[in-house]
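K.L.:
My structure is in start_38.pdb, and what it holds is PDB, C-alpha atoms, pLDDT in the B column:
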```
MODEL        1
ATOM      1  CA  MET A   1      -6.972 -74.013 -60.564  1.00 44.00           C
ATOM      2  CA  LYS A   2      -9.567 -72.407 -58.319  1.00 43.00           C
ATOM      3  CA  TYR A   3     -11.925 -74.971 -56.738  1.00 54.00           C
ATOM      4  CA  HIS A   4     -14.923 -72.826 -55.839  1.00 62.00           C
ATOM      5  CA  GLY A   5     -17.225 -70.420 -57.606  1.00 75.00           C
ATOM      6  CA  PRO A   6     -19.733 -70.681 -60.476  1.00 81.00           C
ATOM      7  CA  GLU A   7     -17.240 -72.072 -62.993  1.00 89.00           C
ATOM      8  CA  THR A   8     -16.320 -74.858 -60.618  1.00 90.00           C
ATOM      9  CA  GLU A   9     -19.963 -75.675 -59.897  1.00 91.00           C
ATOM     10  CA  ILE A  10     -20.419 -76.186 -63.626  1.00 94.00           C
ATOM     11  CA  LEU A  11     -17.495 -78.631 -63.606  1.00 95.00           C
ATOM     12  CA  HIS A  12     -18.949 -80.459 -60.585  1.00 95.00           C
ATOM     13  CA  GLU A  13     -22.223 -80.799 -62.465  1.00 95.00           C
ATOM     14  CA  ARG A  14     -20.608 -81.995 -65.691  1.00 96.00           C
ATOM     15  CA  TYR A  15     -18.383 -84.573 -64.026  1.00 97.00           C
ATOM     16  CA  ALA A  16     -21.161 -85.793 -61.736  1.00 97.00           C
ATOM     17  CA  CYS A  17     -23.573 -86.185 -64.658  1.00 97.00           C
ATOM     18  CA  ALA A  18     -20.958 -87.986 -66.754  1.00 97.00           C
ATOM     19  CA  LEU A  19     -20.147 -90.309 -63.865  1.00 97.00           C
ATOM     20  CA  MET A  20     -23.863 -90.927 -63.310  1.00 97.00           C
ATOM     21  CA  ASP A  21     -24.296 -91.850 -66.979  1.00 97.00           C
ATOM     22  CA  VAL A  22     -21.356 -94.267 -66.893  1.00 97.00           C
ATOM     23  CA  ALA A  23     -22.508 -95.795 -63.592  1.00 97.00           C
ATOM     24  CA  ARG A  24     -26.066 -96.216 -64.870  1.00 96.00           C
ATOM     25  CA  ALA A  25     -24.871 -97.841 -68.096  1.00 96.00           C
ATOM     26  CA  GLY A  26     -22.751-100.279 -66.087  1.00 96.00           C
ATOM     27  CA  GLY A  27     -25.507-100.953 -63.545  1.00 96.00           C
ATOM     28  CA  ARG A  28     -23.306 -99.620 -60.762  1.00 97.00           C
ATOM     29  CA  LEU A  29     -25.059 -96.501 -59.420  1.00 96.00           C
ATOM     30  CA  ASP A  30     -24.909 -97.716 -55.817  1.00 96.00           C
ATOM     31  CA  GLU A  31     -21.334 -98.946 -56.039  1.00 97.00           C
ATOM     32  CA  VAL A  32     -20.087 -95.709 -57.604  1.00 97.00           C
ATOM     33  CA  ALA A  33     -21.917 -93.690 -54.932  1.00 96.00           C
ATOM     34  CA  LYS A  34     -20.108 -95.657 -52.200  1.00 97.00           C
ATOM     35  CA  ASN A  35     -16.717 -95.427 -53.954  1.00 96.00           C
ATOM     36  CA  LEU A  36     -17.096 -91.677 -54.441  1.00 96.00           C
ATOM     37  CA  SER A  37     -18.257 -91.146 -50.862  1.00 95.00           C
ATOM     38  CA  LEU A  38     -15.264 -93.026 -49.441  1.00 95.00           C
ATOM     39  CA  THR A  39     -12.787 -91.191 -51.657  1.00 95.00           C
ATOM     40  CA  SER A  40     -14.273 -87.786 -50.867  1.00 94.00           C
ATOM     41  CA  ALA A  41     -14.190 -88.540 -47.132  1.00 94.00           C
ATOM     42  CA  LEU A  42     -10.558 -89.662 -47.376  1.00 94.00           C
ATOM     43  CA  VAL A  43      -9.528 -86.486 -49.194  1.00 93.00           C
ATOM     44  CA  ARG A  44     -11.358 -84.307 -46.662  1.00 93.00           C
ATOM     45  CA  LYS A  45     -10.098 -86.138 -43.555  1.00 95.00           C
ATOM     46  CA  ASP A  46      -6.503 -86.904 -44.522  1.00 95.00           C
ATOM     47  CA  LYS A  47      -4.875 -83.543 -45.216  1.00 94.00           C
ATOM     48  CA  ASP A  48      -1.539 -85.141 -46.175  1.00 95.00           C
ATOM     49  CA  PHE A  49      -3.266 -87.303 -48.769  1.00 93.00           C
ATOM     50  CA  ALA A  50      -5.112 -84.248 -50.102  1.00 93.00           C
ATOM     51  CA  ARG A  51      -1.848 -82.287 -50.344  1.00 94.00           C
ATOM     52  CA  ILE A  52      -0.277 -85.078 -52.379  1.00 93.00           C
ATOM     53  CA  LEU A  53      -3.223 -85.198 -54.771  1.00 92.00           C
ATOM     54  CA  LEU A  54      -3.284 -81.442 -55.238  1.00 92.00           C
ATOM     55  CA  HIS A  55       0.444 -80.745 -55.297  1.00 94.00           C
ATOM     56  CA  PRO A  56       1.410 -79.446 -58.750  1.00 92.00           C
ATOM     57  CA  GLY A  57       4.975 -80.734 -58.376  1.00 94.00           C
ATOM     58  CA  ILE A  58       3.942 -84.373 -58.073  1.00 94.00           C
ATOM     59  CA  ASP A  59       3.737 -86.168 -61.398  1.00 94.00           C
ATOM     60  CA  LYS A  60       0.259 -87.160 -62.645  1.00 93.00           C
ATOM     61  CA  GLY A  61       1.504 -90.697 -63.193  1.00 94.00           C
ATOM     62  CA  GLU A  62       2.519 -91.003 -59.539  1.00 95.00           C
ATOM     63  CA  LYS A  63      -0.883 -89.716 -58.428  1.00 95.00           C
ATOM     64  CA  ILE A  64      -2.628 -92.177 -60.742  1.00 94.00           C
ATOM     65  CA  ASN A  65      -0.500 -95.070 -59.406  1.00 95.00           C
ATOM     66  CA  LEU A  66      -1.328 -94.050 -55.820  1.00 94.00           C
ATOM     67  CA  LEU A  67      -5.041 -93.824 -56.586  1.00 94.00           C
ATOM     68  CA  GLU A  68      -5.041 -97.119 -58.482  1.00 94.00           C
ATOM     69  CA  GLY A  69      -3.369 -98.816 -55.514  1.00 94.00           C
ATOM     70  CA  ILE A  70      -5.991 -97.448 -53.132  1.00 94.00           C
ATOM     71  CA  SER A  71      -8.785 -98.334 -55.553  1.00 94.00           C
ATOM     72  CA  LYS A  72      -7.511-101.900 -55.873  1.00 95.00           C
ATOM     73  CA  LYS A  73      -7.251-102.378 -52.090  1.00 95.00           C
ATOM     74  CA  ALA A  74     -10.698-100.863 -51.577  1.00 94.00           C
ATOM     75  CA  ARG A  75     -12.090-102.940 -54.475  1.00 96.00           C
ATOM     76  CA  PHE A  76     -13.566 -99.934 -56.252  1.00 97.00           C
ATOM     77  CA  CYS A  77     -15.490-100.651 -59.441  1.00 96.00           C
ATOM     78  CA  GLU A  78     -13.859-100.041 -62.826  1.00 96.00           C
ATOM     79  CA  GLU A  79     -16.282 -97.217 -63.696  1.00 96.00           C
ATOM     80  CA  PHE A  80     -15.114 -95.264 -60.675  1.00 97.00           C
ATOM     81  CA  CYS A  81     -11.435 -96.073 -61.239  1.00 96.00           C
ATOM     82  CA  SER A  82     -11.681 -94.754 -64.807  1.00 96.00           C
ATOM     83  CA  PHE A  83     -13.334 -91.591 -63.521  1.00 97.00           C
ATOM     84  CA  ILE A  84     -10.579 -90.963 -60.950  1.00 96.00           C
ATOM     85  CA  ARG A  85      -7.971 -91.547 -63.656  1.00 96.00           C
ATOM     86  CA  VAL A  86      -9.616 -88.889 -65.858  1.00 96.00           C
ATOM     87  CA  LEU A  87      -9.662 -86.377 -62.986  1.00 96.00           C
ATOM     88  CA  ALA A  88      -5.962 -87.038 -62.323  1.00 95.00           C
ATOM     89  CA  GLU A  89      -5.022 -86.735 -66.001  1.00 95.00           C
ATOM     90  CA  LYS A  90      -6.850 -83.406 -66.255  1.00 94.00           C
ATOM     91  CA  ASN A  91      -5.382 -82.073 -62.963  1.00 92.00           C
ATOM     92  CA  ARG A  92      -8.856 -81.851 -61.469  1.00 94.00           C
ATOM     93  CA  LEU A  93      -8.590 -84.046 -58.393  1.00 95.00           C
ATOM     94  CA  GLY A  94      -9.461 -80.977 -56.319  1.00 93.00           C
ATOM     95  CA  LEU A  95     -13.000 -81.259 -57.667  1.00 95.00           C
ATOM     96  CA  ILE A  96     -13.624 -84.652 -56.038  1.00 95.00           C
ATOM     97  CA  HIS A  97     -15.661 -83.449 -53.053  1.00 94.00           C
ATOM     98  CA  GLY A  98     -17.841 -81.124 -55.139  1.00 95.00           C
ATOM     99  CA  VAL A  99     -18.439 -83.905 -57.660  1.00 96.00           C
ATOM    100  CA  PHE A 100     -19.362 -86.199 -54.764  1.00 96.00           C
ATOM    101  CA  LEU A 101     -21.903 -83.693 -53.412  1.00 93.00           C
ATOM    102  CA  ARG A 102     -23.504 -83.215 -56.827  1.00 95.00           C
ATOM    103  CA  TYR A 103     -23.477 -86.957 -57.616  1.00 96.00           C
ATOM    104  CA  ARG A 104     -25.113 -87.630 -54.232  1.00 93.00           C
ATOM    105  CA  ASP A 105     -27.892 -85.141 -55.077  1.00 91.00           C
ATOM    106  CA  LEU A 106     -28.450 -86.744 -58.493  1.00 94.00           C
ATOM    107  CA  TYR A 107     -28.349 -90.224 -56.935  1.00 94.00           C
ATOM    108  CA  GLU A 108     -30.915 -89.302 -54.273  1.00 90.00           C
ATOM    109  CA  GLN A 109     -33.201 -87.748 -56.894  1.00 88.00           C
ATOM    110  CA  ARG A 110     -32.943 -90.858 -59.046  1.00 91.00           C
ATOM    111  CA  LYS A 111     -33.725 -93.089 -56.049  1.00 90.00           C
ATOM    112  CA  GLY A 112     -36.702 -90.905 -55.082  1.00 89.00           C
ATOM    113  CA  LEU A 113     -35.133 -89.862 -51.779  1.00 91.00           C
ATOM    114  CA  LEU A 114     -36.112 -86.610 -50.094  1.00 91.00           C
ATOM    115  CA  LYS A 115     -33.419 -84.780 -48.142  1.00 90.00           C
ATOM    116  CA  VAL A 116     -34.589 -83.242 -44.860  1.00 94.00           C
ATOM    117  CA  PHE A 117     -32.389 -80.949 -42.790  1.00 95.00           C
ATOM    118  CA  ILE A 118     -32.989 -80.622 -39.060  1.00 95.00           C
ATOM    119  CA  ALA A 119     -31.176 -78.307 -36.685  1.00 94.00           C
ATOM    120  CA  THR A 120     -31.559 -78.937 -32.957  1.00 93.00           C
ATOM    121  CA  ALA A 121     -30.019 -77.491 -29.791  1.00 92.00           C
ATOM    122  CA  VAL A 122     -28.716 -80.938 -28.817  1.00 94.00           C
ATOM    123  CA  SER A 123     -28.018 -84.019 -30.884  1.00 95.00           C
ATOM    124  CA  LEU A 124     -31.000 -86.309 -31.441  1.00 95.00           C
ATOM    125  CA  SER A 125     -30.646 -89.956 -30.483  1.00 95.00           C
ATOM    126  CA  ALA A 126     -30.757 -92.713 -33.089  1.00 95.00           C
ATOM    127  CA  GLY A 127     -34.251 -93.595 -31.862  1.00 96.00           C
ATOM    128  CA  GLN A 128     -35.491 -90.021 -32.215  1.00 96.00           C
ATOM    129  CA  LEU A 129     -34.048 -89.747 -35.721  1.00 95.00           C
ATOM    130  CA  LYS A 130     -35.646 -93.057 -36.686  1.00 96.00           C
ATOM    131  CA  ALA A 131     -39.047 -91.953 -35.325  1.00 96.00           C
ATOM    132  CA  LEU A 132     -38.798 -88.615 -37.163  1.00 94.00           C
ATOM    133  CA  LYS A 133     -37.840 -90.395 -40.368  1.00 96.00           C
ATOM    134  CA  GLU A 134     -40.854 -92.737 -40.081  1.00 96.00           C
ATOM    135  CA  VAL A 135     -43.292 -89.865 -39.439  1.00 95.00           C
ATOM    136  CA  LEU A 136     -41.955 -87.890 -42.382  1.00 94.00           C
ATOM    137  CA  LYS A 137     -41.963 -90.960 -44.620  1.00 95.00           C
ATOM    138  CA  ARG A 138     -45.637 -91.622 -43.823  1.00 95.00           C
ATOM    139  CA  ARG A 139     -46.692 -88.007 -44.281  1.00 93.00           C
ATOM    140  CA  LEU A 140     -44.646 -87.215 -47.373  1.00 92.00           C
ATOM    141  CA  LYS A 141     -44.873 -90.667 -48.966  1.00 91.00           C
ATOM    142  CA  LYS A 142     -41.180 -90.624 -49.882  1.00 90.00           C
ATOM    143  CA  ASP A 143     -38.040 -92.238 -48.598  1.00 93.00           C
ATOM    144  CA  ILE A 144     -36.272 -89.766 -46.347  1.00 94.00           C
ATOM    145  CA  VAL A 145     -32.628 -88.877 -45.785  1.00 92.00           C
ATOM    146  CA  ILE A 146     -32.180 -86.823 -42.602  1.00 94.00           C
ATOM    147  CA  LEU A 147     -29.195 -84.519 -42.221  1.00 93.00           C
ATOM    148  CA  GLN A 148     -28.854 -83.289 -38.659  1.00 95.00           C
ATOM    149  CA  MET A 149     -26.976 -80.245 -37.431  1.00 95.00           C
ATOM    150  CA  VAL A 150     -26.525 -79.261 -33.790  1.00 95.00           C
ATOM    151  CA  GLU A 151     -27.098 -75.551 -33.242  1.00 92.00           C
ATOM    152  CA  PRO A 152     -26.977 -74.712 -29.503  1.00 92.00           C
ATOM    153  CA  SER A 153     -28.259 -71.166 -30.138  1.00 90.00           C
ATOM    154  CA  LEU A 154     -31.714 -72.646 -30.826  1.00 89.00           C
ATOM    155  CA  ILE A 155     -32.005 -73.275 -27.056  1.00 88.00           C
ATOM    156  CA  GLY A 156     -34.631 -75.976 -27.618  1.00 89.00           C
ATOM    157  CA  GLY A 157     -37.053 -77.177 -30.276  1.00 87.00           C
ATOM    158  CA  PHE A 158     -35.845 -77.417 -33.873  1.00 91.00           C
ATOM    159  CA  ASP A 159     -35.632 -75.945 -37.349  1.00 93.00           C
ATOM    160  CA  LEU A 160     -36.730 -78.297 -40.119  1.00 92.00           C
ATOM    161  CA  ARG A 161     -36.119 -77.753 -43.849  1.00 93.00           C
ATOM    162  CA  ILE A 162     -37.893 -79.898 -46.389  1.00 92.00           C
ATOM    163  CA  GLY A 163     -37.201 -78.777 -49.919  1.00 82.00           C
ATOM    164  CA  ASN A 164     -37.955 -75.049 -50.011  1.00 83.00           C
ATOM    165  CA  SER A 165     -40.138 -75.120 -46.879  1.00 90.00           C
ATOM    166  CA  VAL A 166     -38.704 -74.154 -43.498  1.00 90.00           C
ATOM    167  CA  TYR A 167     -40.432 -74.922 -40.204  1.00 91.00           C
ATOM    168  CA  ASN A 168     -38.887 -72.950 -37.349  1.00 89.00           C
ATOM    169  CA  LEU A 169     -40.062 -74.395 -34.061  1.00 85.00           C
ATOM    170  CA  SER A 170     -37.129 -73.383 -31.903  1.00 86.00           C
ATOM    171  CA  LEU A 171     -37.329 -71.702 -28.524  1.00 85.00           C
ATOM    172  CA  ALA A 172     -34.957 -69.002 -29.771  1.00 84.00           C
ATOM    173  CA  SER A 173     -37.375 -67.988 -32.542  1.00 83.00           C
ATOM    174  CA  ARG A 174     -40.326 -68.067 -30.107  1.00 79.00           C
ATOM    175  CA  ALA A 175     -38.392 -65.824 -27.696  1.00 82.00           C
ATOM    176  CA  LYS A 176     -37.705 -63.362 -30.529  1.00 83.00           C
ATOM    177  CA  LEU A 177     -41.412 -63.268 -31.395  1.00 81.00           C
ATOM    178  CA  ILE A 178     -42.352 -62.613 -27.766  1.00 86.00           C
ATOM    179  CA  LYS A 179     -39.723 -59.906 -27.474  1.00 82.00           C
ATOM    180  CA  LYS A 180     -40.928 -58.285 -30.691  1.00 82.00           C
ATOM    181  CA  GLY A 181     -44.525 -58.368 -29.396  1.00 82.00           C
ATOM    182  CA  LEU A 182     -43.510 -56.773 -26.104  1.00 82.00           C
ATOM    183  CA  MET A 183     -41.605 -54.017 -27.874  1.00 79.00           C
ATOM    184  CA  ARG A 184     -44.725 -52.778 -29.700  1.00 74.00           C
TER     185      ARG A 184
ENDMDL
END
```
Would you write the structure of this file as structure tokens?

P.N.:
Amino acid sequence: MKYHGPETEILHERYACALMDVARAGGRLDEVAKNLSLTSALVRKDKDFARILLHPGIDKGEKINLLEGISKKARFCEEFCSFIRVLAEKNRLGLIHGVFLRYRDLYEQRKGLLKVFIATAVSLSAGQLKALKEVLKRRLKKDIVILQMVEPSLIGGFDLRIGNSVYNLSLASRAKLIKKGLMR
């Protein structure tokens, strides 16, 4: 099965919504979010583990036993364990990261969190990120989740994306504007 494209995004949405419903009913939204995050990270970081989960020649039962063993050691909640079992039974374990991303978006919306993306030429310190988060929280009156990306081509300054608004305050963009003005 192909794990990208519009059809797959629909599956990510369906599974994430179903998992959200089950987690909400069981009062385990936070726990499921953590379980899903850990599992997604494991699949993305451990290529051998990912190969085992995705290999068509390995029996579903063996995959389920492996996942149940990991889930037991990690003390994952039953709602999440049932979800993983369903993915394994349907040969859809390759969807796990996409489901995680969509679940995280739904979770953040439900919790009233606002995702802010910042790109800087160099990594911001923990103190700088904390100060930025506080300023944005005061101004926007929402809890903030900051996702930082280092983009050396910016030279200095930053690009900030909040929802559909983009604030480009990088030196690279300023240099382009100056160059454009000089070319006239």

K.L.:
Go through A:Leu95, A:Leu67, A:Leu154, A:Ala121 one by one, measure the shortest atom-to-atom distance of each to Ile10 (chain A) using all atoms listed in the file, and give the residue with the smallest value.

P.N.:
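Looking at the shortest contact to Ile10 (chain A), the residue is A:Leu95.
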
K.L.:
A:Phe80, A:Phe49, A:Phe100, A:Tyr167: which is nearest Gly26 (chain A), counting only C-alpha atoms?

P.N.:
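Residue with the minimum atom-to-atom distance to Gly26 (chain A): A:Phe80.
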
K.L.:
Taking the file as shown, what set of residues would the PyMOL selection byres ((chain A and resi 11) around 12) give back, as a ChimeraX atom specification?

P.N.:
/A:1-10,12-19,87,90,92-100,102-103

K.L.:
Give me the result of the PyMOL selection byres ((chain A and resi 88) around 12) on this file, residue by residue, as a compact mmCIF listing (two decimals) with C-alpha atoms, in the coordinates of the input.

P.N.:
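Full text of expr.txt as output:
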```txt
# COMPACT_ATOMS: atom_id res chain seq x y z
CA ILE A 52 -0.28 -85.08 -52.38
CA LEU A 53 -3.22 -85.20 -54.77
CA LEU A 54 -3.28 -81.44 -55.24
CA HIS A 55 0.44 -80.74 -55.30
CA PRO A 56 1.41 -79.45 -58.75
CA ILE A 58 3.94 -84.37 -58.07
CA ASP A 59 3.74 -86.17 -61.40
CA LYS A 60 0.26 -87.16 -62.64
CA GLY A 61 1.50 -90.70 -63.19
CA GLU A 62 2.52 -91.00 -59.54
CA LYS A 63 -0.88 -89.72 -58.43
CA ILE A 64 -2.63 -92.18 -60.74
CA ASN A 65 -0.50 -95.07 -59.41
CA LEU A 66 -1.33 -94.05 -55.82
CA LEU A 67 -5.04 -93.82 -56.59
CA GLU A 68 -5.04 -97.12 -58.48
CA CYS A 81 -11.44 -96.07 -61.24
CA SER A 82 -11.68 -94.75 -64.81
CA PHE A 83 -13.33 -91.59 -63.52
CA ILE A 84 -10.58 -90.96 -60.95
CA ARG A 85 -7.97 -91.55 -63.66
CA VAL A 86 -9.62 -88.89 -65.86
CA LEU A 87 -9.66 -86.38 -62.99
CA GLU A 89 -5.02 -86.74 -66.00
CA LYS A 90 -6.85 -83.41 -66.26
CA ASN A 91 -5.38 -82.07 -62.96
CA ARG A 92 -8.86 -81.85 -61.47
CA LEU A 93 -8.59 -84.05 -58.39
CA GLY A 94 -9.46 -80.98 -56.32
CA LEU A 95 -13.00 -81.26 -57.67
CA ILE A 96 -13.62 -84.65 -56.04
```

K.L.:
Give me the residues within 10 Å of Leu169 (chain A) as a PyMOL selection string, counting all atoms listed in the file and dropping any in the same chain fewer than 3 places off.

P.N.:
chain A and resi 120+154+156-160+166+172-174

K.L.:
Restricting it to C-alpha atoms, dump the selection as a PDB file, keeping the file's coordinate frame.

P.N.:
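Here's the written file selection20.pdb:
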```pdb
ATOM      1  CA  THR A 120     -31.559 -78.937 -32.957  1.00 93.00           C
ATOM      2  CA  LEU A 154     -31.714 -72.646 -30.826  1.00 89.00           C
ATOM      3  CA  GLY A 156     -34.631 -75.976 -27.618  1.00 89.00           C
ATOM      4  CA  GLY A 157     -37.053 -77.177 -30.276  1.00 87.00           C
ATOM      5  CA  PHE A 158     -35.845 -77.417 -33.873  1.00 91.00           C
ATOM      6  CA  ASP A 159     -35.632 -75.945 -37.349  1.00 93.00           C
ATOM      7  CA  LEU A 160     -36.730 -78.297 -40.119  1.00 92.00           C
ATOM      8  CA  VAL A 166     -38.704 -74.154 -43.498  1.00 90.00           C
ATOM      9  CA  ALA A 172     -34.957 -69.002 -29.771  1.00 84.00           C
ATOM     10  CA  SER A 173     -37.375 -67.988 -32.542  1.00 83.00           C
ATOM     11  CA  ARG A 174     -40.326 -68.067 -30.107  1.00 79.00           C
TER      12      ARG A 174
END
```

K.L.:
Might I get the box with edges along x, y and z of the file that holds all atoms of region 78-95 of chain A listed there, padded by 3 Å on every side, given as centre and edge lengths in Å to one decimal, as lines of an AutoDock Vina configuration file?

P.N.:
```
center_x = -10.7
center_y = -90.5
center_z = -61.3
size_x = 17.3
size_y = 25.1
size_z = 15.9
```

K.L.:
Hey, what comes out of the PyMOL selection byres ((chain A and resi 114) around 7) on this file? Could you write it as a compact mmCIF listing (two decimals) with C-alpha atoms, in the coordinates of the input?

P.N.:
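What follows is the written file expr-v9.txt:
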```txt
# COMPACT_ATOMS: atom_id res chain seq x y z
CA GLY A 112 -36.70 -90.90 -55.08
CA LEU A 113 -35.13 -89.86 -51.78
CA LYS A 115 -33.42 -84.78 -48.14
CA VAL A 116 -34.59 -83.24 -44.86
CA LYS A 142 -41.18 -90.62 -49.88
CA ASP A 143 -38.04 -92.24 -48.60
CA ILE A 144 -36.27 -89.77 -46.35
CA VAL A 145 -32.63 -88.88 -45.78
```

K.L.:
Using all atoms listed in the file, which of the listed residues (A:Ser165, A:Ala131, A:Lys47, A:Leu42) sits closest to Ile70 (chain A)?

P.N.:
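Distance minimum relative to Ile70 (chain A) lands on A:Leu42.
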
K.L.:
Report the distance between CA of Ser37 (chain A) and CA of Ile118 (chain A) in Å, rounded to one decimal place.

P.N.:
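Atom-to-atom, CA of Ser37 (chain A) and CA of Ile118 (chain A) are spaced 21.6 Å apart.
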
K.L.:
Just add N, CA and C atoms to region 129-148 of chain A and send it as a PDB file, in the coordinates of the input.

P.N.:
```
ATOM      1  N   LEU A 129     -34.213 -89.935 -34.274  1.00 95.00           N
ATOM      2  CA  LEU A 129     -34.048 -89.747 -35.721  1.00 95.00           C
ATOM      3  C   LEU A 129     -34.870 -90.765 -36.497  1.00 95.00           C
ATOM      4  N   LYS A 130     -34.879 -91.999 -36.023  1.00 96.00           N
ATOM      5  CA  LYS A 130     -35.646 -93.057 -36.686  1.00 96.00           C
ATOM      6  C   LYS A 130     -37.140 -92.741 -36.637  1.00 96.00           C
ATOM      7  N   ALA A 131     -37.625 -92.294 -35.472  1.00 96.00           N
ATOM      8  CA  ALA A 131     -39.047 -91.953 -35.325  1.00 96.00           C
ATOM      9  C   ALA A 131     -39.409 -90.783 -36.235  1.00 96.00           C
ATOM     10  N   LEU A 132     -38.556 -89.767 -36.288  1.00 94.00           N
ATOM     11  CA  LEU A 132     -38.798 -88.615 -37.163  1.00 94.00           C
ATOM     12  C   LEU A 132     -38.839 -89.052 -38.616  1.00 94.00           C
ATOM     13  N   LYS A 133     -37.906 -89.897 -38.992  1.00 96.00           N
ATOM     14  CA  LYS A 133     -37.840 -90.395 -40.368  1.00 96.00           C
ATOM     15  C   LYS A 133     -39.125 -91.142 -40.730  1.00 96.00           C
ATOM     16  N   GLU A 134     -39.622 -91.974 -39.831  1.00 96.00           N
ATOM     17  CA  GLU A 134     -40.854 -92.737 -40.081  1.00 96.00           C
ATOM     18  C   GLU A 134     -42.064 -91.817 -40.232  1.00 96.00           C
ATOM     19  N   VAL A 135     -42.166 -90.810 -39.362  1.00 95.00           N
ATOM     20  CA  VAL A 135     -43.292 -89.865 -39.439  1.00 95.00           C
ATOM     21  C   VAL A 135     -43.252 -89.121 -40.764  1.00 95.00           C
ATOM     22  N   LEU A 136     -42.082 -88.630 -41.127  1.00 94.00           N
ATOM     23  CA  LEU A 136     -41.955 -87.890 -42.382  1.00 94.00           C
ATOM     24  C   LEU A 136     -42.215 -88.790 -43.589  1.00 94.00           C
ATOM     25  N   LYS A 137     -41.750 -90.013 -43.518  1.00 95.00           N
ATOM     26  CA  LYS A 137     -41.963 -90.960 -44.620  1.00 95.00           C
ATOM     27  C   LYS A 137     -43.464 -91.221 -44.824  1.00 95.00           C
ATOM     28  N   ARG A 138     -44.182 -91.400 -43.727  1.00 95.00           N
ATOM     29  CA  ARG A 138     -45.637 -91.622 -43.823  1.00 95.00           C
ATOM     30  C   ARG A 138     -46.359 -90.399 -44.376  1.00 95.00           C
ATOM     31  N   ARG A 139     -46.005 -89.241 -43.877  1.00 93.00           N
ATOM     32  CA  ARG A 139     -46.692 -88.007 -44.281  1.00 93.00           C
ATOM     33  C   ARG A 139     -46.352 -87.580 -45.702  1.00 93.00           C
ATOM     34  N   LEU A 140     -45.093 -87.707 -46.071  1.00 92.00           N
ATOM     35  CA  LEU A 140     -44.646 -87.215 -47.373  1.00 92.00           C
ATOM     36  C   LEU A 140     -44.653 -88.286 -48.458  1.00 92.00           C
ATOM     37  N   LYS A 141     -44.832 -89.528 -48.043  1.00 91.00           N
ATOM     38  CA  LYS A 141     -44.873 -90.667 -48.966  1.00 91.00           C
ATOM     39  C   LYS A 141     -43.625 -90.741 -49.852  1.00 91.00           C
ATOM     40  N   LYS A 142     -42.483 -90.529 -49.214  1.00 90.00           N
ATOM     41  CA  LYS A 142     -41.180 -90.624 -49.882  1.00 90.00           C
ATOM     42  C   LYS A 142     -40.184 -91.213 -48.907  1.00 90.00           C
ATOM     43  N   ASP A 143     -39.143 -91.814 -49.455  1.00 93.00           N
ATOM     44  CA  ASP A 143     -38.040 -92.238 -48.598  1.00 93.00           C
ATOM     45  C   ASP A 143     -37.277 -90.988 -48.179  1.00 93.00           C
ATOM     46  N   ILE A 144     -36.850 -90.967 -46.938  1.00 94.00           N
ATOM     47  CA  ILE A 144     -36.272 -89.766 -46.347  1.00 94.00           C
ATOM     48  C   ILE A 144     -34.805 -89.975 -46.003  1.00 94.00           C
ATOM     49  N   VAL A 145     -34.014 -88.936 -46.251  1.00 92.00           N
ATOM     50  CA  VAL A 145     -32.628 -88.877 -45.785  1.00 92.00           C
ATOM     51  C   VAL A 145     -32.577 -87.672 -44.843  1.00 92.00           C
ATOM     52  N   ILE A 146     -32.230 -87.913 -43.574  1.00 94.00           N
ATOM     53  CA  ILE A 146     -32.180 -86.823 -42.602  1.00 94.00           C
ATOM     54  C   ILE A 146     -30.732 -86.403 -42.385  1.00 94.00           C
ATOM     55  N   LEU A 147     -30.496 -85.101 -42.508  1.00 93.00           N
ATOM     56  CA  LEU A 147     -29.195 -84.519 -42.221  1.00 93.00           C
ATOM     57  C   LEU A 147     -29.365 -83.635 -40.992  1.00 93.00           C
ATOM     58  N   GLN A 148     -28.689 -83.995 -39.920  1.00 95.00           N
ATOM     59  CA  GLN A 148     -28.854 -83.289 -38.659  1.00 95.00           C
ATOM     60  C   GLN A 148     -27.680 -82.355 -38.397  1.00 95.00           C
TER      61      GLN A 148
END
```
